There are 2 protein chains.
Amino acid sequence: MRRKSLVNDTCPIARTLDVIGDWWSLLIVREAMMGTRRFSEFQKHLGVARNILSTRLKTLVAQGIFDVKTADGSAYQDYVLTPKGRALFPVLVALRQWGEEHSFRRGESYAKLLDRQTRRPLQKLQIRAFDGRILNQADTVVEPVAVS
Amino acid sequence: MRRKSLVNDTCPIARTLDVIGDWWSLLIVREAMMGTRRFSEFQKHLGVARNILSTRLKTLVAQGIFDVKTADGSAYQDYVLTPKGRALFPVLVALRQWGEEHSFRRGESYAKLLDRQTRRPLQKLQIRAFDGRILNQADTVVEPVAVS
């Protein structure tokens with residue numbers, strides 16, 4: 001199925017989804033954040049078909065989300081997140097927190113993100129105004145601005 | 001293409017993507033947050049085919065993200081976000097902020113989310129430990145926990 005491209009959409013959400021709005025792409029980024037670097041490891045951890053993984057990784061490299069590195073003397077390529085890729089961390093945390101709250105039943109266990117130092121859960125993401133007030137969606141408005 | 005279901009995955013990111021990990025679904029939620037309620041308005045604003053929109057809205061209602069309401073005497077149905085749907089706001093803000101930073105060239109204009117009261121931009125989302133420290137992905141660890 002051909003999808004409409006949002007590459008020229010003026011909404012930053014639409015542009016982001018155009019780049020990473022694919023189920024597998026975000027899971028590949030998640031895997032990389034947990035330390036995975038090799039094609040075969042991504043494949044094993046995600047249970048994804050080789051051809052799908054290959055296509056997604058190529059796109060993610062082309063988008064500047066991953067770099068491909070070959071260690072000296074190694075026959076393997078490493079897929080390493082770029083700063084642009086690592087900047088997706090808040091997206092994954094937001095998805096995670098929503099999932100924790102809405103997609104698990106009592107008694108189920110799930111993989112929780114903890115502060116490495118204290119082993120305690122993180123704060124819930126809050127949307128804040130410049131002066132620190134916590135905002136709901138109704139407290140916000142969308143207006144066109146030019147990139148400076 | 002049949003995709004693998006992640007409905008039983010223990011990762012909350014995977015479960016969230018299983019529910020809303022579709023390019024159109026998140027754009028439909030975004031539209032609703034901006035005030036859209038009617039099928040024909042979603043269709044017009046998103047430029048999406050009727051059959052795709054119809055399928056996505058049905059799924060989003062089944063997932064408890066939208067309620068369908070019929071106003072007294074109206075021939076139209078309104079699609080209204082539930083609290084579970086409105087709780088996707090931080091996901092959209094995270095996608096938006098990444099897009100603002102990485103998907104626009106100088107001189108392009110884009111639709112920016114502002115504080116309705118002051119018309120100023122919002123704070124950039126920060127991932128924080130319980131004690132307020134700002135965390136990067138490397139400062140975190142994922143561990144299994146049981147839902148209480």
# chains A, B, ... in the order shown; residues from 1 in each chain; ligands from 1
>>> calpha_fit_and_write(fixed="chain A", moving="chain B", output="PDB file with C-alpha atoms, in the first residue's frame")
ATOM      1  CA  MET B   1      -0.039   0.111  -0.033  1.00  0.00           C
ATOM      2  CA  ARG B   2       1.318   3.457  -1.112  1.00  0.00           C
ATOM      3  CA  ARG B   3       1.137   5.977   1.638  1.00  0.00           C
ATOM      4  CA  LYS B   4       0.955   9.728   1.289  1.00  0.00           C
ATOM      5  CA  SER B   5       4.314  11.337   1.979  1.00  0.00           C
ATOM      6  CA  LEU B   6       4.289  13.972   4.686  1.00  0.00           C
ATOM      7  CA  VAL B   7       7.811  15.124   3.957  1.00  0.00           C
ATOM      8  CA  ASN B   8       6.560  18.604   3.049  1.00  0.00           C
ATOM      9  CA  ASP B   9       3.882  18.809   5.710  1.00  0.00           C
ATOM     10  CA  THR B  10       4.326  21.827   7.998  1.00  0.00           C
ATOM     11  CA  CYS B  11       3.479  19.785  11.082  1.00  0.00           C
ATOM     12  CA  PRO B  12       6.596  18.464  12.856  1.00  0.00           C
ATOM     13  CA  ILE B  13       4.646  15.438  14.078  1.00  0.00           C
ATOM     14  CA  ALA B  14       3.827  14.483  10.507  1.00  0.00           C
ATOM     15  CA  ARG B  15       7.436  14.904   9.394  1.00  0.00           C
ATOM     16  CA  THR B  16       8.691  12.778  12.259  1.00  0.00           C
ATOM     17  CA  LEU B  17       6.205  10.034  11.441  1.00  0.00           C
ATOM     18  CA  ASP B  18       7.338  10.220   7.836  1.00  0.00           C
ATOM     19  CA  VAL B  19      10.868   9.379   9.001  1.00  0.00           C
ATOM     20  CA  ILE B  20      10.321   6.975  11.869  1.00  0.00           C
ATOM     21  CA  GLY B  21       6.604   6.318  11.784  1.00  0.00           C
ATOM     22  CA  ASP B  22       7.105   2.659  11.184  1.00  0.00           C
ATOM     23  CA  TRP B  23       6.511   0.078  13.808  1.00  0.00           C
ATOM     24  CA  TRP B  24       9.818  -1.672  13.190  1.00  0.00           C
ATOM     25  CA  SER B  25      11.939   1.448  12.947  1.00  0.00           C
ATOM     26  CA  LEU B  26      11.170   2.553  16.486  1.00  0.00           C
ATOM     27  CA  LEU B  27      11.729  -0.952  17.846  1.00  0.00           C
ATOM     28  CA  ILE B  28      15.105  -1.047  16.081  1.00  0.00           C
ATOM     29  CA  VAL B  29      15.991   2.280  17.725  1.00  0.00           C
ATOM     30  CA  ARG B  30      14.836   0.906  21.088  1.00  0.00           C
ATOM     31  CA  GLU B  31      17.063  -2.182  20.626  1.00  0.00           C
ATOM     32  CA  ALA B  32      20.028   0.016  19.764  1.00  0.00           C
ATOM     33  CA  MET B  33      19.464   2.063  22.911  1.00  0.00           C
ATOM     34  CA  MET B  34      19.653  -1.151  24.888  1.00  0.00           C
ATOM     35  CA  GLY B  35      23.041  -1.914  23.392  1.00  0.00           C
ATOM     36  CA  THR B  36      22.347  -3.935  20.240  1.00  0.00           C
ATOM     37  CA  ARG B  37      24.716  -3.176  17.337  1.00  0.00           C
ATOM     38  CA  ARG B  38      24.854  -6.175  15.008  1.00  0.00           C
ATOM     39  CA  PHE B  39      22.407  -7.124  12.269  1.00  0.00           C
ATOM     40  CA  SER B  40      22.086 -10.691  13.591  1.00  0.00           C
ATOM     41  CA  GLU B  41      21.369  -9.438  17.132  1.00  0.00           C
ATOM     42  CA  PHE B  42      18.658  -7.047  15.950  1.00  0.00           C
ATOM     43  CA  GLN B  43      17.154  -9.939  14.031  1.00  0.00           C
ATOM     44  CA  LYS B  44      17.253 -12.313  16.997  1.00  0.00           C
ATOM     45  CA  HIS B  45      15.932  -9.850  19.586  1.00  0.00           C
ATOM     46  CA  LEU B  46      13.155  -8.488  17.405  1.00  0.00           C
ATOM     47  CA  GLY B  47      12.168 -11.689  15.605  1.00  0.00           C
ATOM     48  CA  VAL B  48      12.032  -9.724  12.382  1.00  0.00           C
ATOM     49  CA  ALA B  49      12.541 -11.075   8.860  1.00  0.00           C
ATOM     50  CA  ARG B  50      15.967 -10.356   7.329  1.00  0.00           C
ATOM     51  CA  ASN B  51      14.559  -8.458   4.367  1.00  0.00           C
ATOM     52  CA  ILE B  52      12.428  -6.174   6.549  1.00  0.00           C
ATOM     53  CA  LEU B  53      15.294  -5.497   8.946  1.00  0.00           C
ATOM     54  CA  SER B  54      17.666  -4.825   6.059  1.00  0.00           C
ATOM     55  CA  THR B  55      15.281  -2.316   4.436  1.00  0.00           C
ATOM     56  CA  ARG B  56      14.567  -0.535   7.707  1.00  0.00           C
ATOM     57  CA  LEU B  57      18.228  -0.262   8.678  1.00  0.00           C
ATOM     58  CA  LYS B  58      19.119   1.146   5.244  1.00  0.00           C
ATOM     59  CA  THR B  59      16.392   3.763   5.592  1.00  0.00           C
ATOM     60  CA  LEU B  60      17.464   4.634   9.129  1.00  0.00           C
ATOM     61  CA  VAL B  61      21.070   5.066   7.952  1.00  0.00           C
ATOM     62  CA  ALA B  62      19.908   7.213   5.007  1.00  0.00           C
ATOM     63  CA  GLN B  63      17.890   9.351   7.433  1.00  0.00           C
ATOM     64  CA  GLY B  64      20.955   9.920   9.609  1.00  0.00           C
ATOM     65  CA  ILE B  65      19.546   8.038  12.575  1.00  0.00           C
ATOM     66  CA  PHE B  66      22.174   5.279  12.463  1.00  0.00           C
ATOM     67  CA  ASP B  67      25.822   5.275  11.414  1.00  0.00           C
ATOM     68  CA  VAL B  68      27.411   2.111  10.066  1.00  0.00           C
ATOM     69  CA  LYS B  69      30.813   1.381  11.570  1.00  0.00           C
ATOM     70  CA  THR B  70      33.248  -1.430  10.856  1.00  0.00           C
ATOM     71  CA  ALA B  71      35.671  -2.113  13.675  1.00  0.00           C
ATOM     72  CA  ASP B  72      39.298  -2.726  12.652  1.00  0.00           C
ATOM     73  CA  GLY B  73      39.790  -6.309  11.612  1.00  0.00           C
ATOM     74  CA  SER B  74      36.130  -7.154  12.121  1.00  0.00           C
ATOM     75  CA  ALA B  75      34.026  -8.823   9.468  1.00  0.00           C
ATOM     76  CA  TYR B  76      30.894  -7.285  10.986  1.00  0.00           C
ATOM     77  CA  GLN B  77      29.262  -3.929  10.657  1.00  0.00           C
ATOM     78  CA  ASP B  78      27.998  -2.146  13.725  1.00  0.00           C
ATOM     79  CA  TYR B  79      24.854  -0.040  13.580  1.00  0.00           C
ATOM     80  CA  VAL B  80      25.346   2.846  15.992  1.00  0.00           C
ATOM     81  CA  LEU B  81      22.826   5.581  16.800  1.00  0.00           C
ATOM     82  CA  THR B  82      23.839   9.092  15.769  1.00  0.00           C
ATOM     83  CA  PRO B  83      23.013  12.093  18.001  1.00  0.00           C
ATOM     84  CA  LYS B  84      19.859  12.514  15.856  1.00  0.00           C
ATOM     85  CA  GLY B  85      18.960   8.905  16.638  1.00  0.00           C
ATOM     86  CA  ARG B  86      19.714   9.231  20.336  1.00  0.00           C
ATOM     87  CA  ALA B  87      17.477  12.309  20.383  1.00  0.00           C
ATOM     88  CA  LEU B  88      14.533   9.917  19.916  1.00  0.00           C
ATOM     89  CA  PHE B  89      14.883   8.904  23.576  1.00  0.00           C
ATOM     90  CA  PRO B  90      11.978  11.119  24.765  1.00  0.00           C
ATOM     91  CA  VAL B  91       9.740   9.647  22.044  1.00  0.00           C
ATOM     92  CA  LEU B  92      10.460   6.146  23.333  1.00  0.00           C
ATOM     93  CA  VAL B  93       9.967   7.207  26.953  1.00  0.00           C
ATOM     94  CA  ALA B  94       6.605   8.788  26.086  1.00  0.00           C
ATOM     95  CA  LEU B  95       5.467   5.635  24.252  1.00  0.00           C
ATOM     96  CA  ARG B  96       6.718   3.522  27.150  1.00  0.00           C
ATOM     97  CA  GLN B  97       4.911   5.494  29.844  1.00  0.00           C
ATOM     98  CA  TRP B  98       1.632   5.402  27.940  1.00  0.00           C
ATOM     99  CA  GLY B  99       2.032   1.655  27.459  1.00  0.00           C
ATOM    100  CA  GLU B 100       2.808   1.076  31.131  1.00  0.00           C
ATOM    101  CA  GLU B 101      -0.377   2.854  32.102  1.00  0.00           C
ATOM    102  CA  HIS B 102      -2.754   1.555  29.451  1.00  0.00           C
ATOM    103  CA  SER B 103      -1.557  -1.750  28.044  1.00  0.00           C
ATOM    104  CA  PHE B 104      -0.937  -4.052  30.990  1.00  0.00           C
ATOM    105  CA  ARG B 105      -3.274  -5.914  33.289  1.00  0.00           C
ATOM    106  CA  ARG B 106      -2.733  -6.350  37.033  1.00  0.00           C
ATOM    107  CA  GLY B 107      -0.296  -9.149  37.744  1.00  0.00           C
ATOM    108  CA  GLU B 108       1.407  -8.950  34.363  1.00  0.00           C
ATOM    109  CA  SER B 109       5.044  -8.074  34.486  1.00  0.00           C
ATOM    110  CA  TYR B 110       6.719  -5.688  32.138  1.00  0.00           C
ATOM    111  CA  ALA B 111      10.110  -4.222  31.339  1.00  0.00           C
ATOM    112  CA  LYS B 112      10.403  -0.960  33.249  1.00  0.00           C
ATOM    113  CA  LEU B 113      12.825   1.889  32.668  1.00  0.00           C
ATOM    114  CA  LEU B 114      14.713   2.751  35.854  1.00  0.00           C
ATOM    115  CA  ASP B 115      17.277   5.286  36.931  1.00  0.00           C
ATOM    116  CA  ARG B 116      20.536   3.324  36.693  1.00  0.00           C
ATOM    117  CA  GLN B 117      21.964   5.010  39.773  1.00  0.00           C
ATOM    118  CA  THR B 118      19.082   4.568  42.236  1.00  0.00           C
ATOM    119  CA  ARG B 119      17.104   1.765  40.506  1.00  0.00           C
ATOM    120  CA  ARG B 120      13.979   3.869  41.024  1.00  0.00           C
ATOM    121  CA  PRO B 121      11.353   4.637  38.349  1.00  0.00           C
ATOM    122  CA  LEU B 122      11.619   7.906  36.442  1.00  0.00           C
ATOM    123  CA  GLN B 123       9.316  10.894  36.748  1.00  0.00           C
ATOM    124  CA  LYS B 124       6.283  10.857  34.516  1.00  0.00           C
ATOM    125  CA  LEU B 125       6.813  13.124  31.513  1.00  0.00           C
ATOM    126  CA  GLN B 126       5.126  16.473  31.960  1.00  0.00           C
ATOM    127  CA  ILE B 127       4.503  19.078  29.326  1.00  0.00           C
ATOM    128  CA  ARG B 128       5.629  22.407  30.766  1.00  0.00           C
ATOM    129  CA  ALA B 129       5.374  26.039  29.780  1.00  0.00           C
ATOM    130  CA  PHE B 130       8.549  28.095  29.724  1.00  0.00           C
ATOM    131  CA  ASP B 131       7.734  29.350  33.216  1.00  0.00           C
ATOM    132  CA  GLY B 132       7.311  25.809  34.506  1.00  0.00           C
ATOM    133  CA  ARG B 133       3.515  25.503  34.597  1.00  0.00           C
ATOM    134  CA  ILE B 134       2.314  21.984  33.724  1.00  0.00           C
ATOM    135  CA  LEU B 135       0.206  22.130  30.553  1.00  0.00           C
ATOM    136  CA  ASN B 136      -2.511  19.917  29.165  1.00  0.00           C
ATOM    137  CA  GLN B 137      -3.268  19.822  25.484  1.00  0.00           C
ATOM    138  CA  ALA B 138      -6.111  22.308  26.042  1.00  0.00           C
ATOM    139  CA  ASP B 139      -3.600  24.821  27.409  1.00  0.00           C
ATOM    140  CA  THR B 140      -1.718  24.859  24.125  1.00  0.00           C
ATOM    141  CA  VAL B 141      -2.234  26.263  20.666  1.00  0.00           C
ATOM    142  CA  VAL B 142      -0.520  25.570  17.326  1.00  0.00           C
ATOM    143  CA  GLU B 143       0.724  28.498  15.254  1.00  0.00           C
ATOM    144  CA  PRO B 144       2.945  28.734  12.175  1.00  0.00           C
ATOM    145  CA  VAL B 145       6.488  29.977  12.801  1.00  0.00           C
ATOM    146  CA  ALA B 146       9.570  30.261  10.570  1.00  0.00           C
ATOM    147  CA  VAL B 147      12.701  28.240  11.346  1.00  0.00           C
ATOM    148  CA  SER B 148      15.508  30.662  12.251  1.00  0.00           C
TER     149      SER B 148
END
>>> select_by_dssp(residues="chain B", states="strand (DSSP E)", output="ChimeraX atom specification")
/B:66-70,77-81,109-115,140-146
>>> write_last_selection(atoms="N, CA and C atoms", output="PDB file, in the first residue's frame")
ATOM      1  N   PHE B  66     -10.848   6.555  21.314  1.00  0.00           N
ATOM      2  CA  PHE B  66     -11.946   7.466  20.967  1.00  0.00           C
ATOM      3  C   PHE B  66     -13.279   6.911  21.483  1.00  0.00           C
ATOM      4  N   ASP B  67     -14.181   7.819  21.845  1.00  0.00           N
ATOM      5  CA  ASP B  67     -15.586   7.492  22.042  1.00  0.00           C
ATOM      6  C   ASP B  67     -16.359   8.030  20.844  1.00  0.00           C
ATOM      7  N   VAL B  68     -17.449   7.347  20.495  1.00  0.00           N
ATOM      8  CA  VAL B  68     -18.332   7.877  19.459  1.00  0.00           C
ATOM      9  C   VAL B  68     -19.545   8.472  20.150  1.00  0.00           C
ATOM     10  N   LYS B  69     -19.837   9.729  19.844  1.00  0.00           N
ATOM     11  CA  LYS B  69     -20.995  10.381  20.460  1.00  0.00           C
ATOM     12  C   LYS B  69     -21.910  10.947  19.388  1.00  0.00           C
ATOM     13  N   THR B  70     -23.212  10.821  19.595  1.00  0.00           N
ATOM     14  CA  THR B  70     -24.165  11.422  18.670  1.00  0.00           C
ATOM     15  C   THR B  70     -24.930  12.489  19.438  1.00  0.00           C
ATOM     16  N   GLN B  77     -22.027  11.656  13.746  1.00  0.00           N
ATOM     17  CA  GLN B  77     -21.343  11.119  14.913  1.00  0.00           C
ATOM     18  C   GLN B  77     -20.098  11.949  15.175  1.00  0.00           C
ATOM     19  N   ASP B  78     -19.848  12.178  16.444  1.00  0.00           N
ATOM     20  CA  ASP B  78     -18.611  12.863  16.832  1.00  0.00           C
ATOM     21  C   ASP B  78     -17.626  11.843  17.381  1.00  0.00           C
ATOM     22  N   TYR B  79     -16.383  11.967  16.968  1.00  0.00           N
ATOM     23  CA  TYR B  79     -15.313  11.130  17.507  1.00  0.00           C
ATOM     24  C   TYR B  79     -14.561  11.964  18.531  1.00  0.00           C
ATOM     25  N   VAL B  80     -14.648  11.544  19.788  1.00  0.00           N
ATOM     26  CA  VAL B  80     -14.099  12.344  20.890  1.00  0.00           C
ATOM     27  C   VAL B  80     -13.051  11.516  21.636  1.00  0.00           C
ATOM     28  N   LEU B  81     -11.894  12.112  21.877  1.00  0.00           N
ATOM     29  CA  LEU B  81     -10.838  11.391  22.605  1.00  0.00           C
ATOM     30  C   LEU B  81     -11.284  11.053  24.023  1.00  0.00           C
ATOM     31  N   SER B 109       8.811  27.250   7.256  1.00  0.00           N
ATOM     32  CA  SER B 109       7.992  27.520   8.434  1.00  0.00           C
ATOM     33  C   SER B 109       7.280  26.244   8.845  1.00  0.00           C
ATOM     34  N   TYR B 110       6.961  26.170  10.092  1.00  0.00           N
ATOM     35  CA  TYR B 110       6.253  24.987  10.572  1.00  0.00           C
ATOM     36  C   TYR B 110       5.226  25.368  11.640  1.00  0.00           C
ATOM     37  N   ALA B 111       4.376  24.409  11.937  1.00  0.00           N
ATOM     38  CA  ALA B 111       3.320  24.626  12.928  1.00  0.00           C
ATOM     39  C   ALA B 111       3.889  24.328  14.303  1.00  0.00           C
ATOM     40  N   LYS B 112       3.970  25.362  15.141  1.00  0.00           N
ATOM     41  CA  LYS B 112       4.622  25.201  16.443  1.00  0.00           C
ATOM     42  C   LYS B 112       3.594  25.196  17.575  1.00  0.00           C
ATOM     43  N   LEU B 113       3.877  24.361  18.573  1.00  0.00           N
ATOM     44  CA  LEU B 113       2.996  24.269  19.729  1.00  0.00           C
ATOM     45  C   LEU B 113       3.394  25.337  20.743  1.00  0.00           C
ATOM     46  N   LEU B 114       2.432  26.192  21.106  1.00  0.00           N
ATOM     47  CA  LEU B 114       2.723  27.288  22.026  1.00  0.00           C
ATOM     48  C   LEU B 114       1.821  27.205  23.255  1.00  0.00           C
ATOM     49  N   ASP B 115       2.289  27.782  24.310  1.00  0.00           N
ATOM     50  CA  ASP B 115       1.503  27.986  25.517  1.00  0.00           C
ATOM     51  C   ASP B 115       0.376  28.959  25.161  1.00  0.00           C
ATOM     52  N   THR B 140      19.979   5.151  32.255  1.00  0.00           N
ATOM     53  CA  THR B 140      18.796   4.351  32.602  1.00  0.00           C
ATOM     54  C   THR B 140      19.065   2.878  32.362  1.00  0.00           C
ATOM     55  N   VAL B 141      18.215   2.056  32.923  1.00  0.00           N
ATOM     56  CA  VAL B 141      18.339   0.613  32.764  1.00  0.00           C
ATOM     57  C   VAL B 141      16.917   0.039  32.733  1.00  0.00           C
ATOM     58  N   VAL B 142      16.732  -1.050  32.016  1.00  0.00           N
ATOM     59  CA  VAL B 142      15.391  -1.658  31.913  1.00  0.00           C
ATOM     60  C   VAL B 142      15.364  -2.943  32.721  1.00  0.00           C
ATOM     61  N   GLU B 143      14.388  -3.046  33.622  1.00  0.00           N
ATOM     62  CA  GLU B 143      14.280  -4.258  34.447  1.00  0.00           C
ATOM     63  C   GLU B 143      12.826  -4.706  34.520  1.00  0.00           C
ATOM     64  N   PRO B 144      12.601  -6.023  34.602  1.00  0.00           N
ATOM     65  CA  PRO B 144      11.220  -6.506  34.680  1.00  0.00           C
ATOM     66  C   PRO B 144      10.594  -6.179  36.034  1.00  0.00           C
ATOM     67  N   VAL B 145       9.372  -5.699  36.027  1.00  0.00           N
ATOM     68  CA  VAL B 145       8.623  -5.474  37.264  1.00  0.00           C
ATOM     69  C   VAL B 145       7.197  -6.006  37.059  1.00  0.00           C
ATOM     70  N   ALA B 146       6.511  -6.305  38.169  1.00  0.00           N
ATOM     71  CA  ALA B 146       5.123  -6.758  38.080  1.00  0.00           C
ATOM     72  C   ALA B 146       4.186  -5.576  38.254  1.00  0.00           C
TER      73      ALA B 146
END
>>> select_by_dssp(residues="region 30-102 of chain A", states="alpha helix (DSSP H)", output="PyMOL selection string")
chain A and resi 30-33+39-46+50-62+83-86+89-102
